[in-house]
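Shown below: model_25.txt, with compact mmCIF, C-alpha atoms.
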# COMPACT_ATOMS: atom_id res chain seq x y z
CA MET A 1 16.10 -100.26 13.08
CA LYS A 2 16.50 -96.70 11.83
CA LEU A 3 13.02 -96.78 10.26
CA ARG A 4 11.15 -97.56 13.47
CA PRO A 5 11.10 -93.98 14.88
CA LEU A 6 9.83 -92.71 11.53
CA CYS A 7 7.11 -95.36 11.41
CA SER A 8 6.12 -94.46 14.96
CA LEU A 9 5.82 -90.80 13.97
CA PHE A 10 3.52 -91.69 11.06
CA ALA A 11 1.41 -93.78 13.39
CA VAL A 12 0.98 -90.85 15.77
CA LEU A 13 0.02 -88.50 12.93
CA ILE A 14 -2.56 -90.95 11.58
CA LEU A 15 -4.02 -91.34 15.07
CA MET A 16 -4.25 -87.54 15.51
CA LEU A 17 -5.95 -87.05 12.14
CA SER A 18 -8.44 -89.81 12.77
CA THR A 19 -9.46 -88.51 16.20
CA PRO A 20 -12.55 -86.24 15.99
CA VAL A 21 -12.02 -82.64 17.12
CA PRO A 22 -14.31 -81.80 20.07
CA VAL A 23 -16.89 -79.12 19.33
CA PHE A 24 -17.74 -76.96 22.32
CA SER A 25 -21.31 -75.73 22.56
CA ALA A 26 -22.39 -72.49 24.21
CA ASP A 27 -23.79 -74.53 27.09
CA ALA A 28 -20.43 -76.20 27.64
CA LEU A 29 -18.61 -72.85 27.74
CA CYS A 30 -21.16 -71.26 30.09
CA ALA A 31 -21.20 -73.07 33.40
CA ARG A 32 -24.14 -71.23 34.97
CA PRO A 33 -26.28 -69.45 32.37
CA LEU A 34 -29.17 -67.29 33.55
CA THR A 35 -32.49 -69.11 33.44
CA ASP A 36 -35.83 -67.62 32.43
CA GLN A 37 -36.64 -67.48 36.14
CA SER A 38 -33.47 -65.55 37.05
CA VAL A 39 -33.44 -63.14 34.07
CA PRO A 40 -36.11 -60.71 35.41
CA ALA A 41 -34.32 -60.02 38.70
CA HIS A 42 -30.94 -59.69 36.97
CA PHE A 43 -32.34 -57.34 34.32
CA THR A 44 -34.15 -55.23 36.90
CA ARG A 45 -30.99 -54.78 38.99
CA LEU A 46 -28.93 -53.55 36.03
CA ALA A 47 -31.75 -51.48 34.52
CA ARG A 48 -32.03 -49.64 37.85
CA GLN A 49 -28.38 -48.69 37.44
CA GLN A 50 -29.21 -47.13 34.08
CA MET A 51 -32.20 -45.29 35.53
CA ALA A 52 -29.97 -43.95 38.32
CA LEU A 53 -27.78 -42.30 35.68
CA GLU A 54 -30.83 -40.73 34.07
CA TYR A 55 -32.92 -39.81 37.09
CA GLY A 56 -30.64 -39.91 40.12
CA ALA A 57 -32.17 -41.02 43.39
CA ALA A 58 -35.79 -40.75 42.21
CA GLY A 59 -38.04 -43.74 42.89
CA VAL A 60 -38.03 -46.25 40.04
CA ASP A 61 -40.52 -49.05 39.43
CA ILE A 62 -39.65 -51.60 36.71
CA ARG A 63 -42.36 -54.11 35.85
CA LYS A 64 -44.29 -55.92 33.09
CA LEU A 65 -41.11 -57.63 31.87
CA GLN A 66 -41.41 -59.53 28.58
CA LEU A 67 -38.68 -62.00 27.57
CA LEU A 68 -38.07 -62.58 23.86
CA PRO A 69 -35.16 -64.99 23.12
CA VAL A 70 -32.91 -63.83 20.28
CA ASP A 71 -30.64 -66.91 20.24
CA ARG A 72 -29.33 -69.47 22.74
CA ASP A 73 -27.44 -66.77 24.65
CA VAL A 74 -29.11 -63.40 24.06
CA VAL A 75 -32.58 -62.57 25.28
CA ARG A 76 -34.41 -59.34 24.54
CA VAL A 77 -36.22 -57.86 27.52
CA ASP A 78 -38.97 -55.26 27.23
CA ALA A 79 -40.03 -53.57 30.46
CA PHE A 80 -42.28 -50.77 31.63
CA VAL A 81 -40.60 -48.10 33.77
CA GLN A 82 -42.28 -45.60 36.04
CA VAL A 83 -40.09 -42.92 37.59
CA SER A 84 -41.12 -40.62 40.44
CA LYS A 85 -39.18 -37.38 40.21
CA THR A 86 -39.31 -36.61 43.90
CA GLU A 87 -37.79 -33.10 43.68
CA ALA A 88 -40.39 -31.82 41.22
CA GLY A 89 -43.23 -34.06 42.34
CA ASN A 90 -44.12 -35.43 38.90
CA ALA A 91 -43.54 -38.81 37.25
CA ALA A 92 -42.43 -40.29 33.94
CA SER A 93 -43.58 -43.55 32.38
CA PHE A 94 -42.09 -45.32 29.37
CA TRP A 95 -40.97 -48.66 27.92
CA ILE A 96 -37.35 -49.70 27.69
CA THR A 97 -35.70 -52.50 25.74
CA GLY A 98 -32.52 -54.31 26.74
CA TRP A 99 -30.40 -57.14 25.35
CA LEU A 100 -29.16 -59.51 28.05
CA SER A 101 -26.53 -62.25 27.75
CA ARG A 102 -27.57 -65.34 29.69
CA CYS A 103 -23.97 -66.53 29.84
CA GLN A 104 -22.10 -63.32 30.69
CA GLY A 105 -24.92 -61.51 32.51
CA THR A 106 -24.16 -58.31 30.57
CA LEU A 107 -26.91 -55.90 29.55
CA ILE A 108 -27.13 -53.30 26.79
CA VAL A 109 -29.90 -50.81 27.50
CA ARG A 110 -30.58 -47.23 26.30
CA GLY A 111 -27.15 -46.94 24.70
CA ASN A 112 -25.12 -48.14 27.68
CA ALA A 113 -23.50 -51.51 28.38
CA TRP A 114 -23.47 -52.92 31.92
CA LEU A 115 -21.40 -55.79 33.29
CA ALA A 116 -22.98 -58.40 35.52
CA ASP A 117 -21.47 -56.77 38.62
CA GLY A 118 -23.20 -53.46 37.88
CA SER A 119 -20.17 -51.69 36.38
CA LEU A 120 -20.75 -49.36 33.45
CA VAL A 121 -18.68 -50.32 30.42
CA THR A 122 -17.33 -47.02 29.17
CA PRO A 123 -13.79 -45.66 28.74
CA ARG A 124 -12.33 -43.56 31.55
CA PHE A 125 -9.81 -40.79 30.96
CA SER A 126 -7.36 -39.02 33.21
CA VAL A 127 -6.75 -35.31 32.63
CA GLN A 128 -3.32 -36.26 31.25
CA GLN A 129 -5.06 -38.30 28.53
CA LEU A 130 -7.11 -35.30 27.41
CA PRO A 131 -4.84 -32.74 25.69
CA GLY A 132 -6.12 -29.20 25.81
CA GLN A 133 -7.41 -26.78 28.40
CA GLY A 134 -10.26 -24.50 29.26
CA LEU A 135 -11.44 -21.95 31.78
CA VAL A 136 -12.35 -23.44 35.16
CA PHE A 137 -15.32 -22.24 37.22
CA GLY A 138 -16.51 -23.32 40.66
CA LYS A 139 -15.01 -24.44 43.93
CA GLU A 140 -12.68 -27.39 44.32
CA ASN A 141 -14.95 -28.96 46.94
CA ALA A 142 -18.05 -28.86 44.71
CA PRO A 143 -19.81 -32.26 44.66
CA LEU A 144 -19.86 -32.44 40.86
CA HIS A 145 -16.73 -32.02 38.71
CA VAL A 146 -17.13 -31.96 34.92
CA ILE A 147 -15.32 -31.01 31.72
CA ALA A 148 -17.59 -29.58 29.01
CA PHE A 149 -16.64 -29.22 25.35
CA VAL A 150 -18.67 -26.35 23.86
CA ASP A 151 -18.92 -24.44 20.59
CA SER A 152 -19.92 -20.77 20.65
CA ARG A 153 -22.30 -21.30 17.71
CA CYS A 154 -24.11 -24.27 19.27
CA PRO A 155 -27.53 -23.36 20.78
CA HIS A 156 -27.50 -26.47 22.97
CA CYS A 157 -24.14 -25.37 24.38
CA HIS A 158 -25.68 -22.01 25.27
CA ARG A 159 -28.42 -23.77 27.24
CA LEU A 160 -25.83 -25.87 29.06
CA ILE A 161 -23.87 -22.73 29.96
CA GLY A 162 -27.04 -21.19 31.35
CA TYR A 163 -27.77 -24.24 33.51
CA ALA A 164 -24.14 -24.38 34.65
CA ARG A 165 -24.29 -20.76 35.80
CA GLU A 166 -27.22 -21.57 38.07
CA LEU A 167 -25.38 -24.57 39.53
CA LEU A 168 -22.27 -22.42 40.05
CA LYS A 169 -24.29 -19.93 42.10
CA LYS A 170 -25.35 -22.81 44.36
CA GLY A 171 -21.80 -24.14 44.68
CA ALA A 172 -23.00 -27.43 43.19
CA ILE A 173 -20.51 -27.75 40.33
CA ARG A 174 -16.91 -27.26 39.29
CA ILE A 175 -16.72 -27.08 35.52
CA GLU A 176 -14.01 -26.62 32.95
CA PHE A 177 -15.28 -25.17 29.67
CA ARG A 178 -13.13 -26.26 26.74
CA GLN A 179 -13.94 -24.34 23.60
CA VAL A 180 -13.96 -26.30 20.33
CA ALA A 181 -14.57 -25.50 16.66
CA TYR A 182 -17.25 -27.94 15.49
CA LEU A 183 -19.66 -25.52 13.83
CA GLU A 184 -17.13 -22.86 12.90
CA THR A 185 -13.44 -22.41 12.22
CA ALA A 186 -10.90 -21.88 14.97
CA VAL A 187 -10.49 -18.28 13.76
CA GLU A 188 -14.23 -17.67 14.19
CA ALA A 189 -14.18 -19.41 17.58
CA VAL A 190 -11.47 -17.08 18.87
CA LYS A 191 -13.37 -14.07 17.59
CA ASP A 192 -16.68 -15.20 19.10
CA ALA A 193 -15.34 -15.80 22.60
CA ARG A 194 -12.18 -13.65 22.55
CA LEU A 195 -10.40 -16.54 24.21
CA HIS A 196 -6.96 -14.97 23.86
CA GLU A 197 -8.11 -11.99 25.96
CA THR A 198 -9.12 -14.10 28.95
CA SER A 199 -7.23 -14.86 32.15
CA LEU A 200 -6.34 -18.24 30.64
CA PHE A 201 -3.61 -16.50 28.66
CA ASN A 202 -2.74 -13.35 30.54
CA THR A 203 -3.00 -11.66 33.91
CA ARG A 204 -3.59 -8.12 32.69
CA PRO A 205 -6.02 -6.05 34.76
CA ASP A 206 -8.26 -5.66 31.71
CA ALA A 207 -8.31 -9.37 30.86
CA LEU A 208 -11.75 -10.87 30.36
CA GLY A 209 -13.02 -12.46 33.55
CA ALA A 210 -15.03 -15.65 33.94
CA ASP A 211 -18.46 -14.05 33.53
CA ASP A 212 -17.27 -12.00 30.55
CA TYR A 213 -16.01 -15.13 28.82
CA LEU A 214 -19.27 -17.01 29.42
CA ASP A 215 -21.19 -14.03 28.01
CA MET A 216 -19.05 -14.11 24.90
CA VAL A 217 -19.07 -17.88 24.32
CA GLY A 218 -22.81 -17.87 24.98
CA GLU A 219 -23.49 -15.67 21.95
CA LEU A 220 -24.03 -17.14 18.49
CA ASN A 221 -21.34 -14.96 16.92
CA SER A 222 -19.47 -11.74 17.46
CA THR A 223 -19.13 -8.74 15.18
CA LEU A 224 -16.34 -7.20 17.22
CA GLU A 225 -12.96 -6.88 15.59
CA VAL A 226 -10.12 -9.03 16.93
CA GLU A 227 -6.49 -8.03 16.90
CA MET A 228 -4.94 -10.99 15.11
CA HIS A 229 -1.44 -9.79 15.93
CA ALA A 230 -2.05 -9.91 19.68
CA PRO A 231 0.64 -11.93 21.50
CA ASP A 232 -1.71 -14.71 22.62
CA TYR A 233 -3.88 -14.93 19.49
CA GLU A 234 -1.93 -17.80 17.90
CA LYS A 235 -1.86 -19.64 21.23
CA ALA A 236 -5.64 -19.39 21.48
CA LEU A 237 -6.04 -20.70 17.94
CA ALA A 238 -3.78 -23.66 18.73
CA LEU A 239 -5.65 -24.39 21.97
CA ILE A 240 -9.03 -24.49 20.27
CA GLN A 241 -7.66 -26.83 17.64
CA THR A 242 -6.17 -29.07 20.34
CA ASN A 243 -9.49 -29.17 22.20
CA THR A 244 -11.28 -30.01 18.95
CA ASN A 245 -8.85 -32.83 18.15
CA THR A 246 -9.27 -34.25 21.66
CA ALA A 247 -13.06 -34.28 21.34
CA ARG A 248 -13.02 -35.85 17.88
CA ASP A 249 -10.06 -38.21 17.94
CA ILE A 250 -9.83 -39.30 21.59
CA LEU A 251 -13.41 -39.03 22.84
CA HIS A 252 -14.93 -39.67 19.36
CA VAL A 253 -17.54 -36.99 19.97
CA SER A 254 -19.68 -36.25 16.91
CA ALA A 255 -21.72 -33.39 18.39
CA VAL A 256 -21.48 -30.82 21.17
CA PRO A 257 -22.01 -30.13 23.98
CA ALA A 258 -20.04 -33.11 25.25
CA VAL A 259 -19.67 -33.56 28.99
CA LEU A 260 -17.18 -35.65 30.95
CA VAL A 261 -18.00 -36.30 34.60
CA LEU A 262 -15.48 -37.20 37.27
CA ASP A 263 -16.28 -40.81 38.14
CA LYS A 264 -16.41 -41.42 41.89
CA LYS A 265 -15.61 -45.10 41.37
CA THR A 266 -12.30 -44.44 39.61
CA ALA A 267 -10.06 -41.93 41.32
CA GLY A 268 -9.12 -38.97 39.14
CA GLU A 269 -10.74 -40.30 35.95
CA TYR A 270 -13.54 -38.87 33.83
CA ARG A 271 -16.13 -40.67 31.71
CA LEU A 272 -18.31 -39.35 28.91
CA THR A 273 -21.98 -38.90 29.82
CA GLY A 274 -24.99 -39.75 27.71
CA LEU A 275 -27.71 -37.25 26.87
CA ALA A 276 -30.08 -38.45 29.60
CA GLU A 277 -27.44 -38.25 32.32
CA MET A 278 -26.28 -34.86 31.06
CA ASN A 279 -29.82 -33.52 31.32
CA ARG A 280 -30.15 -34.81 34.88
CA LEU A 281 -26.82 -33.35 36.00
CA PHE A 282 -27.51 -29.88 34.62
CA GLN A 283 -31.29 -29.75 35.19
CA PRO A 284 -31.76 -31.51 38.55
CA ASP A 285 -35.09 -29.79 39.24
CA LEU A 286 -36.80 -31.03 36.06

Could you spell out this file's structure in structure tokens?
Amino acid sequence: MKLRPLCSLFAVLILMLSTPVPVFSADALCARPLTDQSVPAHFTRLARQQMALEYGAAGVDIRKLQLLPVDRDVVRVDAFVQVSKTEAGNAASFWITGWLSRCQGTLIVRGNAWLADGSLVTPRFSVQQLPGQGLVFGKENAPLHVIAFVDSRCPHCHRLIGYARELLKKGAIRIEFRQVAYLETAVEAVKDARLHETSLFNTRPDALGADDYLDMVGELNSTLEVEMHAPDYEKALALIQTNTNTARDILHVSAVPAVLVLDKKTAGEYRLTGLAEMNRLFQPDL
């Protein structure tokens, strides 16, 4: 009598081992995959989202779609794009390539990933998640709020500063310039922009104002002597290092300028822009 439970247990184990394990196919896991007929419209909708980042409200025509299956789920889509830049009156034409998941409806195109609902898949950051600080320019009610990481020895950063100055005159932008040391040391960065002498660190009447700072950070280097024993010199060094660490370790930025834009869809959070979107934001007339 005492052996019966044990025998029953062995019987259950043998039954479990002899039962084939079900293998789930991609079709079984995906209830409603996109068909070849539905892929073009789905791709076009998401690709227009990408073009909106790059060209704003300009007219966009996406056509000549070519579908090239990669596997049972992923299909490569090549498409011809024609953009009418309404503000300048000219147009741009080019081919784009995207990788679309039939099952998930996600699209990777021109370096960005889009969910099926049209949401951009990119990390968002609150100001509290971005250690460091910079000088702020522009009005609080400006339509565009950005944080820009710049290096005083970066020619591309100088161009961005020039474009930002024009937008500031129009009241179109509120921008925080955070100085980093990507192409130089923190000591050289302080010397180039004289950060410790700005209003960010002191309220002296002779402190460098906003325009003075932009003039300094917009130069390739400075030959002026810096008083290294000034009260705020060490603080400026530490701030530049903090900004640099934030760009490298939190944002994973490999080159500057790097621009974060306040995302209207997520209250109080910033997302990193791509090169195409950065160009559109700072050169809206091109």

Have a look at A:Tyr163, A:Tyr213, A:Tyr233, A:Phe149 and name the one nearest to Val253 (chain A); count all atoms listed in the file. A:Phe149

Please determine, counting only C-alpha atoms, which residue among A:Pro33, A:Pro257, A:Gly171, A:Gly134 has the shortest atom-to-atom distance to Phe201 (chain A).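 Of the candidates, the smallest distance to Phe201 (chain A) is held by A:Gly134.
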
What does the structure give for the distance between CA of Glu166 (chain A) and CA of Ile240 (chain A), in Å to one decimal?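 Distance between the two atoms: 25.6 Å.
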
To one decimal place, how far is CA of Ala172 (chain A) from CA of Asp192 (chain A) in Å? 27.7 Å

For each of A:Lys170, A:Val226, A:Gly268, A:Pro123, take the minimum atom-to-atom distance to Leu251 (chain A), counting only C-alpha atoms, then give the residue where this is smallest.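 Under the stated criterion, the closest residue is A:Pro123.
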
Nearest-residue call for Leu208 (chain A), choices A:Arg194, A:Val187, A:Asn221, A:Asp151, using all atoms listed in the file: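 Comparing A:Arg194, A:Val187, A:Asn221, A:Asp151 against Leu208 (chain A), the winner is A:Arg194.
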
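Using all atoms listed in the file, the smallest distance between any of A:Gln66, A:Glu54, A:Ile175, A:Cys157 and Pro40 (chain A) comes from A:Gln66.
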
Starting from the incomplete input, reconstruct N, CA and C atoms of region 216-234 of chain A and write that as an mmCIF file, in the coordinates of the input.
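Final file, result.cif:
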data_model
loop_
_atom_site.group_PDB
_atom_site.id
_atom_site.type_symbol
_atom_site.label_atom_id
_atom_site.label_comp_id
_atom_site.auth_asym_id
_atom_site.auth_seq_id
_atom_site.Cartn_x
_atom_site.Cartn_y
_atom_site.Cartn_z
ATOM 1 N N MET A 216 -19.512 -14.103 26.277
ATOM 2 C CA MET A 216 -19.050 -14.110 24.900
ATOM 3 C C MET A 216 -19.277 -15.474 24.232
ATOM 4 N N VAL A 217 -18.922 -16.555 24.921
ATOM 5 C CA VAL A 217 -19.070 -17.880 24.320
ATOM 6 C C VAL A 217 -20.540 -18.262 24.227
ATOM 7 N N GLY A 218 -21.384 -17.588 25.012
ATOM 8 C CA GLY A 218 -22.810 -17.870 24.980
ATOM 9 C C GLY A 218 -23.556 -17.153 23.879
ATOM 10 N N GLU A 219 -22.875 -16.344 23.094
ATOM 11 C CA GLU A 219 -23.490 -15.670 21.950
ATOM 12 C C GLU A 219 -23.265 -16.494 20.687
ATOM 13 N N LEU A 220 -24.172 -16.355 19.718
ATOM 14 C CA LEU A 220 -24.030 -17.140 18.490
ATOM 15 C C LEU A 220 -22.806 -16.723 17.686
ATOM 16 N N ASN A 221 -22.551 -15.430 17.605
ATOM 17 C CA ASN A 221 -21.340 -14.960 16.920
ATOM 18 C C ASN A 221 -21.053 -13.539 17.392
ATOM 19 N N SER A 222 -19.886 -13.075 17.035
ATOM 20 C CA SER A 222 -19.470 -11.740 17.460
ATOM 21 C C SER A 222 -19.075 -10.916 16.237
ATOM 22 N N THR A 223 -19.488 -9.659 16.264
ATOM 23 C CA THR A 223 -19.130 -8.740 15.180
ATOM 24 C C THR A 223 -17.968 -7.836 15.554
ATOM 25 N N LEU A 224 -17.457 -8.015 16.766
ATOM 26 C CA LEU A 224 -16.340 -7.200 17.220
ATOM 27 C C LEU A 224 -15.060 -7.591 16.503
ATOM 28 N N GLU A 225 -14.233 -6.619 16.241
ATOM 29 C CA GLU A 225 -12.960 -6.880 15.590
ATOM 30 C C GLU A 225 -11.981 -7.494 16.589
ATOM 31 N N VAL A 226 -11.129 -8.380 16.094
ATOM 32 C CA VAL A 226 -10.120 -9.030 16.930
ATOM 33 C C VAL A 226 -8.750 -8.697 16.386
ATOM 34 N N GLU A 227 -7.856 -8.332 17.293
ATOM 35 C CA GLU A 227 -6.490 -8.030 16.900
ATOM 36 C C GLU A 227 -5.728 -9.339 16.680
ATOM 37 N N MET A 228 -5.566 -9.713 15.424
ATOM 38 C CA MET A 228 -4.940 -10.990 15.110
ATOM 39 C C MET A 228 -3.439 -11.010 15.394
ATOM 40 N N HIS A 229 -2.865 -9.840 15.634
ATOM 41 C CA HIS A 229 -1.440 -9.790 15.930
ATOM 42 C C HIS A 229 -1.177 -9.718 17.440
ATOM 43 N N ALA A 230 -2.225 -9.904 18.227
ATOM 44 C CA ALA A 230 -2.050 -9.910 19.680
ATOM 45 C C ALA A 230 -1.154 -11.078 20.081
ATOM 46 N N PRO A 231 -0.345 -10.907 21.123
ATOM 47 C CA PRO A 231 0.640 -11.930 21.500
ATOM 48 C C PRO A 231 0.043 -13.319 21.719
ATOM 49 N N ASP A 232 -1.160 -13.404 22.265
ATOM 50 C CA ASP A 232 -1.710 -14.710 22.620
ATOM 51 C C ASP A 232 -2.728 -15.233 21.597
ATOM 52 N N TYR A 233 -2.880 -14.531 20.492
ATOM 53 C CA TYR A 233 -3.880 -14.930 19.490
ATOM 54 C C TYR A 233 -3.551 -16.314 18.913
ATOM 55 N N GLU A 234 -2.321 -16.515 18.486
ATOM 56 C CA GLU A 234 -1.930 -17.800 17.900
ATOM 57 C C GLU A 234 -2.041 -18.923 18.927
#
